[in-house]
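A quick write-up on the structure given underneath.
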Amino acid sequence: MLLFWGFLVVLGSQISARLLPEKLTIYTTLVGLLNARNYNFGGEFVEAMIRQLKESLKANNYNEAVYLVRFLSDLVNCHVIAAPSMVAMFENFVSVTQEEDVPQVRRDWYVYAFLSSLPWVGKELYEKKDAEMDRIFANTESYLKRRQKTHVPMLQVWTAEKPHPQEEYLDCLWAQIQKLKKDRWQERHILRPYLAFDSILCEALQHNLPPFTPPPHTEDSVYPMPRVIFRMFDYTDDPEGPVMPGSHSVERFVIEENLHCIIKSHWKERKTCAAQLVSYPGKNKIPLNYHIVEVIFAELFQLPAPPHIDVMYTTLLIELCKLQPGSLPQVLAQATEMLYMRLDTMNTTCVDRFINWFSHHLSNFQFRWSWEDWSDCLTQDPESPKPKFVREVLEKCMRLSYHQRILDIVPPTFSALCPANPTCIYKYGDESSNSLPGHSVALCLAVAFKSKATNDEIFSILKDVPNPNQDDDDDEGFSFNPLKIEVFVQTLLHLAAKSFSHSFSALAKFHEVFKTLAESDEGKLHVLRVMFEVWRNHPQMIAVLVDKMIRTQIVDCAAVATWIFSSELSRDFTRLFVWEILHSTIRKMNKHVLKIQKELEEAKEKLARQHKRRSDDDDRSSDRKDGALEEQIERLQEKVESAQSEQKNLFLVIFQRFIMILTEHLVRCESDGTSVLTPWYKNCVERLQQIFLQHHQIIQQYMVTLENLLFTAELDPHILAVFQQFCALQA
Amino acid sequence: MQNFWCSLNGIHINIIPQGDNEEQEKLLKKSCTLYVGNLSFYTTEEQIYELFSKSGDIKKIIMGLDKMKKTACGFCFVEYYSRADAENAMRYINGTRLDDRIIRTDWDAGFKEGRQYGRGRSGGQVRDEYRQDYDAGRGGYGKLAQNQ
């Protein structure tokens, strides 16, 4: 019997927290019925849940903790937990708002856990303890009024307040709960199976929750980031169907919560996920397709990052279109249209994701789209968001198909927005190039490459190339010589232009030459410059070549960052491929640091195990083995420090460059008397924000340096604001 | 021991001698390499890169070739740096379209020299030897049907 209870307790807590939180009320009803039969079971179950809650909080598992709190709340409805003791727990939660010297995000979470349980249990708690609840509400309200919201602009998908305000999540939830309270806690959306068992449940003996003290804040505590609620639809968008609950209705909150839960439970199986979404209970009373599309885009556009990998949302939407071919595609098209209309105020990072989603989606549907509907973008400044969006989408569509296809799918009027044919540009290729310096060497190299020359043979051909930077050549002839780099890189890349594989082979085969030519920082920069000149029509090729060059250490991450901010790239500075390269570069740097840190940890563990075995065996001979391992650990320690230093330097270079170009722009606008807020400026500031947001965990380590060295008080307030908003995120 | 691979309708069937089963299972569970089938003969490495990069950084792509003609014959291998990225490709790219065709991905024990060639009699994939339908992206009718 005990074993059975134990099993149920574990099962219950596992189910409630980990799986299917959208079916919470079914499980609480089950627990309620079991408690009515066996009081001890109920007591043990509640104790187990409280233990689980404490563990989740200590392990920074706040998403799980919210569901546990909600589960406990619903157990009040099932007569398992006495309402006054739940109220007491919520009192303790909200008293966290009085704590001093703790991050705001900590206080926020406890308020969120309280408020988000009220749709389930507000009625019951108010009926039993209205005075206490009023007090808790007053404390909550005063907290919400005084908390700072500097972080909000950084997390909003749109900067515009129309047509739907992009509210901070606690503000939105507070408004929803206030409305629920005004409606006397009448909530009709949540399925409450326990109502059907009221006669049994009301006979049950209830348990009191033990007094719950929130675990104290520690240095290791990491709280969830604040959010902004994404809204794109309201009841006017589906005039013929069931009415969409208003943005401040609690039904809206519950529906969105449940849909997010379904995605969270099933994200690894897209077909199951889609099936679960479309079979959401109560779907005849709400415009379910609109809710689903809104919730999916809410996740896809979430800042700093979507909860799951971007591509999951693309294929989930495709599955949904397959399941509801008569209705969902139309809603999706309507959503796409709306997103396009609001591009002017959409955050750049979100526009990136929109571009990637839309182009990938189109590639699954033969690129069919009513492009003419978007003809308004043709007459706008090409740097403004709408034409820019269309250009980037077409470029991505081309990568998934081919150039002629793109020309065929758009109306002729759109040809100006079509991408360039991704061909190689070889400067020594035609008649007119005879007069170019290094031309004869280029021809010589071409012949050598075609006859499978070795690195040494290439070196000897290059020896004869004069250095335009010097009057007489170095004795060794291998100091930074831009002309050598030019003829070598141009010719090799041109000959290897056929495919990525050909280019990668070329990089591998002549790695030695590359390394030598690109030994200095200027060398690295010039290699990137020349590569860019050859392939400027083919951004995809540029990206894969940069990736390969970093991985084979022909160039380093700092060189790539410097190159991106160089004048050669200023024309393309706002193009998506540039930022994809930069973020990919940063990610490689981060992964490299993690990899070496892991190696160091493993070596240390190995040593510790060896020590333990030694103390167990009392064996002297392993002293020598220790030595080798200790040496390895020392080497790895140095490697880790060097990698971490390289990583920090990379971020500092990037921030420095941003500050430089933004300051240049601000100064120029001031002296010209023009407005600062150009499309370029908006793009650049949001790109800076994107660096902070996408790599916030790493950057947190550098806060002191950033504050003292770069983002000082003398900086222009426009630029400083970005830094301050970032600081506010985990404050 | 040689592994015999057979592809029907883009579904990758691994036919192996009894004794190798356990070893094979182990390799598949750790693999970062995917076999990709039902590609068009005209699908390029660049297109494959673009699509499969959506689940993570690609280490290498090896195009499947007709053994005689040395031209693309409708399959390839995609190797990722991390297993997690390959898993996401199996979850979200498998069964979607590339070049207007539904492609299929399957775990692969790892590329070995020689496996980039089709094993059909005519040099392409086995499935293109025997199929009866007309597939414009895969050389038209099956080889057997063509020769009849």
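A note on labels: chains of the structure tokens are A, B, ... as shown, every chain counts residues from 1, and ligands are counted from 1 in their shown order.
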
Show me, as a tab-separated table, the residues of chain A having an atom within 8 Å of chain B, each with the closest atom pair and its distance in Å, using only C-alpha atoms.
residue	atom	partner	partner_atom	distance
A:Lys268	CA	B:Arg91	CA	6.7
A:Glu269	CA	B:Arg91	CA	6.9
A:Arg270	CA	B:Arg91	CA	7.4
A:Ile309	CA	B:Ser55	CA	7.6
A:Asp310	CA	B:Lys54	CA	7.9
A:Val311	CA	B:Lys54	CA	6.2
A:Met312	CA	B:Tyr92	CA	5.8
A:Thr315	CA	B:Tyr92	CA	6.0
A:Ser363	CA	B:Arg97	CA	7.1
A:Asn364	CA	B:Arg97	CA	5.3
A:Phe365	CA	B:Asp100	CA	7.7
A:Gln366	CA	B:Asp100	CA	6.4
A:Arg399	CA	B:Gln47	CA	5.9
A:Leu400	CA	B:Gln47	CA	5.0
A:Ser401	CA	B:Asp99	CA	6.1
A:Ser499	CA	B:Glu45	CA	7.2
A:Phe500	CA	B:Glu46	CA	7.0
A:Ser501	CA	B:Ile61	CA	7.9

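Here atom CA of Glu240 of chain A is placed at a distance of 22.4 Å from atom CA of Met341 of chain A.
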
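Of the residues listed (A:Ser584, A:Ser142, A:Gln637, A:Gln334), A:Gln334 shows the shortest atom-to-atom separation from Phe233 of chain A; distances use only C-alpha atoms.
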
message: Between atom CA of Tyr112 of chain A and atom CA of Glu44 of chain A, what distance in Å does the model show, to one decimal?
response: 26.8 Å

- request: Identify, with DSSP run on backbone atoms, the residues in segment 527-724 of chain A assigned to helix (DSSP H, G or I), and express the list as a PyMOL selection string.
  value: chain A and resi 527-535+539-551+557-564+567-572+576-617+622-672+679-694+696-710+717-724
